[in-house]
$ cat structure-v7.pdb   # PDB, C-alpha atoms (C1' of nucleotides)
MODEL        1
ATOM      1  CA  MET A 371      27.116  -2.288 -33.265  1.00  0.00           C
ATOM      2  CA  THR A 372      25.074  -5.250 -32.996  1.00  0.00           C
ATOM      3  CA  ARG A 373      21.504  -4.964 -33.945  1.00  0.00           C
ATOM      4  CA  PRO A 374      19.052  -3.634 -31.344  1.00  0.00           C
ATOM      5  CA  PRO A 375      17.366  -6.101 -29.013  1.00  0.00           C
ATOM      6  CA  ASN A 376      14.264  -7.766 -30.293  1.00  0.00           C
ATOM      7  CA  ARG A 377      11.033  -6.188 -29.257  1.00  0.00           C
ATOM      8  CA  SER A 378       9.921  -9.416 -27.661  1.00  0.00           C
ATOM      9  CA  GLU A 379      12.803  -9.475 -25.229  1.00  0.00           C
ATOM     10  CA  ALA A 380      12.240  -5.893 -24.174  1.00  0.00           C
ATOM     11  CA  LEU A 381       8.575  -6.709 -23.823  1.00  0.00           C
ATOM     12  CA  TYR A 382       9.299  -9.665 -21.588  1.00  0.00           C
ATOM     13  CA  ALA A 383      11.615  -7.550 -19.455  1.00  0.00           C
ATOM     14  CA  ARG A 384       8.849  -4.982 -19.010  1.00  0.00           C
ATOM     15  CA  ILE A 385       6.367  -7.629 -18.035  1.00  0.00           C
ATOM     16  CA  TYR A 386       8.695  -9.196 -15.501  1.00  0.00           C
ATOM     17  CA  ALA A 387       9.544  -5.811 -14.026  1.00  0.00           C
ATOM     18  CA  LEU A 388       5.881  -5.038 -13.484  1.00  0.00           C
ATOM     19  CA  VAL A 389       5.062  -8.416 -12.029  1.00  0.00           C
ATOM     20  CA  LYS A 390       7.921  -7.981  -9.583  1.00  0.00           C
ATOM     21  CA  GLN A 391       6.208  -4.833  -8.329  1.00  0.00           C
ATOM     22  CA  ILE A 392       3.115  -6.691  -7.224  1.00  0.00           C
ATOM     23  CA  PRO A 393       3.219  -6.795  -3.421  1.00  0.00           C
ATOM     24  CA  PRO A 394       2.534 -10.012  -1.501  1.00  0.00           C
ATOM     25  CA  GLY A 395      -1.112 -10.717  -0.820  1.00  0.00           C
ATOM     26  CA  ARG A 396      -2.138  -8.871  -3.983  1.00  0.00           C
ATOM     27  CA  VAL A 397      -2.913 -10.143  -7.434  1.00  0.00           C
ATOM     28  CA  ALA A 398      -3.014  -8.642 -10.918  1.00  0.00           C
ATOM     29  CA  THR A 399      -4.574  -9.815 -14.158  1.00  0.00           C
ATOM     30  CA  TYR A 400      -2.876 -10.568 -17.452  1.00  0.00           C
ATOM     31  CA  GLY A 401      -4.825  -7.781 -19.097  1.00  0.00           C
ATOM     32  CA  GLN A 402      -3.842  -5.326 -16.411  1.00  0.00           C
ATOM     33  CA  ILE A 403      -0.143  -6.059 -16.865  1.00  0.00           C
ATOM     34  CA  ALA A 404      -0.569  -5.871 -20.619  1.00  0.00           C
ATOM     35  CA  ARG A 405      -2.136  -2.420 -20.387  1.00  0.00           C
ATOM     36  CA  LEU A 406       0.524  -1.156 -18.028  1.00  0.00           C
ATOM     37  CA  VAL A 407       3.224  -2.387 -20.360  1.00  0.00           C
ATOM     38  CA  GLY A 408       1.413  -0.995 -23.384  1.00  0.00           C
ATOM     39  CA  ARG A 409       1.222  -2.347 -26.923  1.00  0.00           C
ATOM     40  CA  CYS A 410       0.882  -5.783 -25.492  1.00  0.00           C
ATOM     41  CA  SER A 411      -2.005  -8.197 -25.303  1.00  0.00           C
ATOM     42  CA  ALA A 412      -2.871 -10.380 -22.355  1.00  0.00           C
ATOM     43  CA  ARG A 413      -1.752 -13.406 -24.331  1.00  0.00           C
ATOM     44  CA  GLN A 414       1.779 -12.130 -24.496  1.00  0.00           C
ATOM     45  CA  VAL A 415       1.823 -11.744 -20.755  1.00  0.00           C
ATOM     46  CA  GLY A 416       0.741 -15.336 -20.321  1.00  0.00           C
ATOM     47  CA  TYR A 417       3.280 -16.403 -22.893  1.00  0.00           C
ATOM     48  CA  ALA A 418       5.999 -14.481 -21.104  1.00  0.00           C
ATOM     49  CA  MET A 419       5.100 -16.234 -17.867  1.00  0.00           C
ATOM     50  CA  ALA A 420       5.311 -19.607 -19.529  1.00  0.00           C
ATOM     51  CA  ALA A 421       8.636 -18.760 -21.124  1.00  0.00           C
ATOM     52  CA  MET A 422      10.019 -17.403 -17.889  1.00  0.00           C
ATOM     53  CA  PRO A 423      12.786 -19.489 -16.307  1.00  0.00           C
ATOM     54  CA  SER A 424      12.068 -20.678 -12.770  1.00  0.00           C
ATOM     55  CA  GLY A 425      13.967 -18.903 -10.029  1.00  0.00           C
ATOM     56  CA  SER A 426      14.001 -15.612 -11.885  1.00  0.00           C
ATOM     57  CA  GLY A 427      12.613 -13.892  -8.834  1.00  0.00           C
ATOM     58  CA  VAL A 428       9.334 -13.009 -10.508  1.00  0.00           C
ATOM     59  CA  PRO A 429       6.223 -13.623  -8.389  1.00  0.00           C
ATOM     60  CA  TRP A 430       4.394 -15.105 -11.362  1.00  0.00           C
ATOM     61  CA  GLN A 431       1.840 -16.658  -9.013  1.00  0.00           C
ATOM     62  CA  ARG A 432       0.318 -13.216  -8.423  1.00  0.00           C
ATOM     63  CA  VAL A 433      -0.887 -13.012 -12.007  1.00  0.00           C
ATOM     64  CA  LEU A 434      -4.411 -14.309 -12.546  1.00  0.00           C
ATOM     65  CA  ASN A 435      -6.912 -14.083 -15.381  1.00  0.00           C
ATOM     66  CA  SER A 436      -9.625 -11.441 -15.678  1.00  0.00           C
ATOM     67  CA  ARG A 437     -12.038 -13.578 -13.698  1.00  0.00           C
ATOM     68  CA  GLY A 438      -9.734 -13.608 -10.703  1.00  0.00           C
ATOM     69  CA  GLU A 439      -9.067 -17.277 -11.156  1.00  0.00           C
ATOM     70  CA  VAL A 440      -5.892 -19.239 -11.630  1.00  0.00           C
ATOM     71  CA  SER A 441      -5.592 -19.997 -15.319  1.00  0.00           C
ATOM     72  CA  ARG A 442      -5.449 -23.627 -16.258  1.00  0.00           C
ATOM     73  CA  ARG A 443      -2.095 -24.701 -17.606  1.00  0.00           C
ATOM     74  CA  SER A 444      -1.684 -27.020 -20.565  1.00  0.00           C
ATOM     75  CA  GLN A 445       0.885 -29.055 -18.766  1.00  0.00           C
ATOM     76  CA  GLY A 446       2.071 -29.922 -15.294  1.00  0.00           C
ATOM     77  CA  GLN A 447       0.502 -28.949 -11.996  1.00  0.00           C
ATOM     78  CA  GLY A 448       1.752 -25.386 -11.968  1.00  0.00           C
ATOM     79  CA  ASP A 449      -1.762 -24.125 -11.383  1.00  0.00           C
ATOM     80  CA  ARG A 450      -1.997 -26.109  -8.161  1.00  0.00           C
ATOM     81  CA  THR A 451       1.330 -24.693  -6.997  1.00  0.00           C
ATOM     82  CA  GLN A 452       0.186 -21.199  -7.872  1.00  0.00           C
ATOM     83  CA  ARG A 453      -2.931 -21.438  -5.779  1.00  0.00           C
ATOM     84  CA  ARG A 454      -0.995 -22.853  -2.862  1.00  0.00           C
ATOM     85  CA  LEU A 455       1.552 -20.044  -3.008  1.00  0.00           C
ATOM     86  CA  LEU A 456      -1.157 -17.413  -3.064  1.00  0.00           C
ATOM     87  CA  GLU A 457      -3.028 -18.927  -0.168  1.00  0.00           C
ATOM     88  CA  MET A 458       0.249 -18.948   1.704  1.00  0.00           C
ATOM     89  CA  GLU A 459       0.492 -15.195   1.077  1.00  0.00           C
ATOM     90  CA  GLY A 460      -2.942 -14.665   2.527  1.00  0.00           C
ATOM     91  CA  VAL A 461      -4.977 -14.593  -0.672  1.00  0.00           C
ATOM     92  CA  ARG A 462      -8.353 -16.225  -0.130  1.00  0.00           C
ATOM     93  CA  PHE A 463     -10.113 -18.300  -2.748  1.00  0.00           C
ATOM     94  CA  ASP A 464     -13.811 -19.038  -2.749  1.00  0.00           C
ATOM     95  CA  ASP A 465     -15.354 -22.439  -3.333  1.00  0.00           C
ATOM     96  CA  ARG A 466     -15.115 -21.923  -7.069  1.00  0.00           C
ATOM     97  CA  GLY A 467     -11.399 -21.193  -6.826  1.00  0.00           C
ATOM     98  CA  ARG A 468     -11.800 -17.510  -7.504  1.00  0.00           C
ATOM     99  CA  VAL A 469     -10.256 -14.466  -5.861  1.00  0.00           C
ATOM    100  CA  ASN A 470     -12.154 -11.261  -5.201  1.00  0.00           C
ATOM    101  CA  LEU A 471     -10.226  -8.806  -7.368  1.00  0.00           C
ATOM    102  CA  ARG A 472     -12.048  -5.892  -5.730  1.00  0.00           C
ATOM    103  CA  GLU A 473     -10.345  -6.830  -2.527  1.00  0.00           C
ATOM    104  CA  ALA A 474      -7.042  -8.464  -3.438  1.00  0.00           C
ATOM    105  CA  GLY A 475      -6.538  -6.798  -6.812  1.00  0.00           C
ATOM    106  CA  TRP A 476      -3.323  -4.855  -7.297  1.00  0.00           C
ATOM    107  CA  PRO A 477      -4.212  -1.133  -7.673  1.00  0.00           C
ATOM    108  CA  GLY A 478      -1.163  -0.462  -9.812  1.00  0.00           C
ATOM    109  CA  PRO A 479       2.531   0.447  -9.728  1.00  0.00           C
ATOM    110  CA  ASP A 480       1.731   3.890  -8.317  1.00  0.00           C
ATOM    111  CA  ALA A 481      -0.213   2.509  -5.421  1.00  0.00           C
ATOM    112  CA  ASP A 482       1.713  -0.474  -4.192  1.00  0.00           C
ATOM    113  CA  GLU A 483       0.143   0.045  -0.794  1.00  0.00           C
ATOM    114  CA  PRO A 484      -3.419  -0.909   0.026  1.00  0.00           C
ATOM    115  CA  ASP A 485      -5.724   1.876   1.017  1.00  0.00           C
ATOM    116  CA  PRO A 486      -6.463   2.015   4.792  1.00  0.00           C
ATOM    117  CA  PHE A 487     -10.163   2.206   4.049  1.00  0.00           C
ATOM    118  CA  GLY A 488     -10.247  -0.720   1.711  1.00  0.00           C
ATOM    119  CA  ASP A 489     -13.468  -2.120   3.100  1.00  0.00           C
ATOM    120  CA  LEU A 490     -15.739  -1.643   0.090  1.00  0.00           C
TER     121      LEU A 490
ATOM    122  C1'  DA B 626       4.683 -18.170 -45.960  1.00  0.00           C
ATOM    123  C1'  DG B 627       0.452 -20.422 -44.052  1.00  0.00           C
ATOM    124  C1'  DA B 628      -1.682 -23.037 -40.255  1.00  0.00           C
ATOM    125  C1'  DT B 629      -1.973 -24.168 -35.281  1.00  0.00           C
ATOM    126  C1'  DT B 630      -1.620 -23.343 -30.431  1.00  0.00           C
ATOM    127  C1'  DG B 631      -1.376 -20.761 -26.141  1.00  0.00           C
ATOM    128  C1'  DA B 632      -0.801 -19.436 -18.106  1.00  0.00           C
ATOM    129  C1'  DC B 633      -6.186 -14.170 -22.305  1.00  0.00           C
ATOM    130  C1'  DT B 634     -10.332 -10.833 -22.773  1.00  0.00           C
ATOM    131  C1'  DG B 635     -14.734  -8.911 -24.015  1.00  0.00           C
ATOM    132  C1'  DC B 636     -19.233  -9.362 -25.747  1.00  0.00           C
ATOM    133  C1'  DA B 637     -23.304 -12.049 -27.120  1.00  0.00           C
ATOM    134  C1'  DT B 638     -26.484 -15.830 -25.999  1.00  0.00           C
TER     135       DT B 638
ATOM    136  C1'  DC C1039     -23.514 -16.621 -13.769  1.00  0.00           C
ATOM    137  C1'  DA C1040     -22.077 -20.385 -17.462  1.00  0.00           C
ATOM    138  C1'  DT C1041     -21.045 -21.169 -22.285  1.00  0.00           C
ATOM    139  C1'  DG C1042     -19.696 -19.861 -27.022  1.00  0.00           C
ATOM    140  C1'  DC C1043     -17.363 -17.135 -30.413  1.00  0.00           C
ATOM    141  C1'  DA C1044     -14.243 -13.735 -32.282  1.00  0.00           C
ATOM    142  C1'  DG C1045     -10.080 -10.775 -31.664  1.00  0.00           C
ATOM    143  C1'  DC C1046      -5.633 -10.599 -30.170  1.00  0.00           C
ATOM    144  C1'  DC C1047      -0.006 -11.124 -30.788  1.00  0.00           C
ATOM    145  C1'  DA C1048       3.868 -14.077 -30.685  1.00  0.00           C
ATOM    146  C1'  DA C1049       5.990 -18.653 -30.976  1.00  0.00           C
ATOM    147  C1'  DT C1050       6.240 -23.139 -33.151  1.00  0.00           C
ATOM    148  C1'  DC C1051       5.602 -26.604 -36.898  1.00  0.00           C
TER     149       DC C1051
ENDMDL
END

$ encode --input "structure-v7.pdb" --output "structure tokens"
Amino acid sequence: MTRPPNRSEALYARIYALVKQIPPGRVATYGQIARLVGRCSARQVGYAMAAMPSGSGVPWQRVLNSRGEVSRRSQGQGDRTQRRLLEMEGVRFDDRGRVNLREAGWPGPDADEPDPFGDL
DNA sequence: AGATTGACTGCAT
DNA sequence: CATGCAGCCAATC
């Protein structure tokens, strides 16, 4: 049979699958996704996002950096679009353009629902 | 095969 | 809390 799929492709598929599990109004970090996927660094997650075709159904806008901020893109105004999409979902940014990960952070794939007592 | 870049992160200053 | 530097893995030249 043909040779097995490249590790990179499987890795990308994993990343996309996890990002798809992030519920609206929540955000995750590159490092968080990387750890959930395993054997993957945050850079690969960012790279996967950049290599992802538009319209793939992946809520890429819900992935932020470890500081809870929208990462600056090398090209285009994608970062602006990302922030707008998140605000539209109810994610609030402070004056410095940062999101409170303690509040809007995605708990994980096993807790896709926010806790009812999530008030600190 | 070596060097450079990239939607990153953690630690030191 | 802002800035700087090293580590990180894959893609591109």

$ resolve_selection --input "structure-v7.pdb" --expression "the PyMOL selection byres ((chain B and resi 630) around 10)" --output "PDB file with C-alpha atoms (C1' of nucleotides), in the frame of the given file"
ATOM      1  C1'  DA B 628      -1.682 -23.037 -40.255  1.00  0.00           C
ATOM      2  C1'  DT B 629      -1.973 -24.168 -35.281  1.00  0.00           C
ATOM      3  C1'  DG B 631      -1.376 -20.761 -26.141  1.00  0.00           C
TER       4       DG B 631
ATOM      5  C1'  DA C1049       5.990 -18.653 -30.976  1.00  0.00           C
ATOM      6  C1'  DT C1050       6.240 -23.139 -33.151  1.00  0.00           C
TER       7       DT C1050
END

$ interface_residues --input "structure-v7.pdb" --of "chain A" --to "chain B" --cutoff "9 Å" --atoms "all atoms listed in the file" --output "PyMOL selection string"
chain A and resi 400-401+411-420+433-436+440-444+448-449

$ interface_residues --input "structure-v7.pdb" --of "chain C" --to "chain A" --cutoff "12 Å" --atoms "all atoms listed in the file" --output "list in words"
DC1039, DG1045, DC1046, DC1047, DA1048 and DA1049 of chain C

$ atom_distance --input "structure-v7.pdb" --atom1 "CA of Arg466 in chain A" --atom2 "CA of Arg450 in chain A"
13.8 Å

$ resolve_selection --input "structure-v7.pdb" --expression "the PyMOL selection byres ((chain A and resi 384) around 10)" --output "ChimeraX atom specification"
/A:378-383,385-390,403-404,406-408,415

$ atom_distance --input "structure-v7.pdb" --atom1 "CA of Arg437 in chain A" --atom2 "CA of Glu459 in chain A"
19.4 Å

$ residues_around --input "structure-v7.pdb" --residues "Gln452 in chain A" --least-positions-apart "5" --cutoff "9 Å" --atoms "only C-alpha atoms (C1' of nucleotides)" --output "PyMOL selection string"
chain A and resi 430-432+440+447+457

$ closest_residue --input "structure-v7.pdb" --among "A:Pro429, A:Arg454, A:Gln445, A:Glu483" --to "Gly467 in chain A" --atoms "only C-alpha atoms"
A:Arg454

$ atom_distance --input "structure-v7.pdb" --atom1 "CA of Val469 in chain A" --atom2 "C1' of DG1042 in chain C"
23.8 Å

$ axis_aligned_box --input "structure-v7.pdb" --around "range 1042-1048 of chain C" --padding-each-side "8 Å" --output "JSON"
{"center_x": -7.9, "center_y": -15.2, "center_z": -29.7, "size_x": 39.6, "size_y": 25.3, "size_z": 21.3}

$ resolve_selection --input "structure-v7.pdb" --expression "the PyMOL selection byres ((chain A and resi 474-477) around 7)" --output "PyMOL selection string"
chain A and resi 392+395-398+470-473+478+481-482

$ build_atoms --input "structure-v7.pdb" --residues "range 389-403 of chain A" --atoms "N, CA, C and O atoms" --output "PDB file, in the coordinates of the input"
ATOM      1  N   VAL A 389       5.516  -7.335 -12.903  1.00  0.00           N
ATOM      2  CA  VAL A 389       5.062  -8.416 -12.029  1.00  0.00           C
ATOM      3  C   VAL A 389       5.834  -8.396 -10.712  1.00  0.00           C
ATOM      4  O   VAL A 389       5.272  -8.640  -9.652  1.00  0.00           O
ATOM      5  N   LYS A 390       7.096  -8.057 -10.803  1.00  0.00           N
ATOM      6  CA  LYS A 390       7.921  -7.981  -9.583  1.00  0.00           C
ATOM      7  C   LYS A 390       7.409  -6.908  -8.631  1.00  0.00           C
ATOM      8  O   LYS A 390       7.673  -6.941  -7.447  1.00  0.00           O
ATOM      9  N   GLN A 391       6.696  -5.927  -9.170  1.00  0.00           N
ATOM     10  CA  GLN A 391       6.208  -4.833  -8.329  1.00  0.00           C
ATOM     11  C   GLN A 391       4.923  -5.178  -7.597  1.00  0.00           C
ATOM     12  O   GLN A 391       4.459  -4.416  -6.756  1.00  0.00           O
ATOM     13  N   ILE A 392       4.344  -6.299  -7.917  1.00  0.00           N
ATOM     14  CA  ILE A 392       3.115  -6.691  -7.224  1.00  0.00           C
ATOM     15  C   ILE A 392       3.470  -7.135  -5.805  1.00  0.00           C
ATOM     16  O   ILE A 392       4.246  -8.051  -5.630  1.00  0.00           O
ATOM     17  N   PRO A 393       2.912  -6.454  -4.816  1.00  0.00           N
ATOM     18  CA  PRO A 393       3.219  -6.795  -3.421  1.00  0.00           C
ATOM     19  C   PRO A 393       2.562  -8.106  -3.011  1.00  0.00           C
ATOM     20  O   PRO A 393       1.547  -8.495  -3.597  1.00  0.00           O
ATOM     21  N   PRO A 394       3.095  -8.756  -2.001  1.00  0.00           N
ATOM     22  CA  PRO A 394       2.534 -10.012  -1.501  1.00  0.00           C
ATOM     23  C   PRO A 394       1.097  -9.822  -1.041  1.00  0.00           C
ATOM     24  O   PRO A 394       0.743  -8.775  -0.518  1.00  0.00           O
ATOM     25  N   GLY A 395       0.275 -10.805  -1.244  1.00  0.00           N
ATOM     26  CA  GLY A 395      -1.112 -10.717  -0.820  1.00  0.00           C
ATOM     27  C   GLY A 395      -1.987 -10.005  -1.833  1.00  0.00           C
ATOM     28  O   GLY A 395      -3.183  -9.857  -1.639  1.00  0.00           O
ATOM     29  N   ARG A 396      -1.372  -9.552  -2.937  1.00  0.00           N
ATOM     30  CA  ARG A 396      -2.138  -8.871  -3.983  1.00  0.00           C
ATOM     31  C   ARG A 396      -2.013  -9.645  -5.281  1.00  0.00           C
ATOM     32  O   ARG A 396      -1.045 -10.355  -5.489  1.00  0.00           O
ATOM     33  N   VAL A 397      -2.964  -9.456  -6.151  1.00  0.00           N
ATOM     34  CA  VAL A 397      -2.913 -10.143  -7.434  1.00  0.00           C
ATOM     35  C   VAL A 397      -3.249  -9.183  -8.571  1.00  0.00           C
ATOM     36  O   VAL A 397      -3.956  -8.197  -8.365  1.00  0.00           O
ATOM     37  N   ALA A 398      -2.721  -9.459  -9.735  1.00  0.00           N
ATOM     38  CA  ALA A 398      -3.014  -8.642 -10.918  1.00  0.00           C
ATOM     39  C   ALA A 398      -3.501  -9.574 -12.031  1.00  0.00           C
ATOM     40  O   ALA A 398      -3.332 -10.786 -11.941  1.00  0.00           O
ATOM     41  N   THR A 399      -4.093  -8.988 -13.053  1.00  0.00           N
ATOM     42  CA  THR A 399      -4.574  -9.815 -14.158  1.00  0.00           C
ATOM     43  C   THR A 399      -3.641  -9.663 -15.357  1.00  0.00           C
ATOM     44  O   THR A 399      -2.893  -8.696 -15.452  1.00  0.00           O
ATOM     45  N   TYR A 400      -3.709 -10.603 -16.247  1.00  0.00           N
ATOM     46  CA  TYR A 400      -2.876 -10.568 -17.452  1.00  0.00           C
ATOM     47  C   TYR A 400      -3.167  -9.286 -18.233  1.00  0.00           C
ATOM     48  O   TYR A 400      -2.265  -8.599 -18.694  1.00  0.00           O
ATOM     49  N   GLY A 401      -4.437  -8.975 -18.349  1.00  0.00           N
ATOM     50  CA  GLY A 401      -4.825  -7.781 -19.097  1.00  0.00           C
ATOM     51  C   GLY A 401      -4.314  -6.512 -18.442  1.00  0.00           C
ATOM     52  O   GLY A 401      -3.900  -5.574 -19.118  1.00  0.00           O
ATOM     53  N   GLN A 402      -4.327  -6.498 -17.133  1.00  0.00           N
ATOM     54  CA  GLN A 402      -3.842  -5.326 -16.411  1.00  0.00           C
ATOM     55  C   GLN A 402      -2.361  -5.115 -16.691  1.00  0.00           C
ATOM     56  O   GLN A 402      -1.934  -4.002 -17.005  1.00  0.00           O
ATOM     57  N   ILE A 403      -1.578  -6.143 -16.587  1.00  0.00           N
ATOM     58  CA  ILE A 403      -0.143  -6.059 -16.865  1.00  0.00           C
ATOM     59  C   ILE A 403       0.067  -5.616 -18.305  1.00  0.00           C
ATOM     60  O   ILE A 403       0.885  -4.737 -18.591  1.00  0.00           O
TER      61      ILE A 403
END
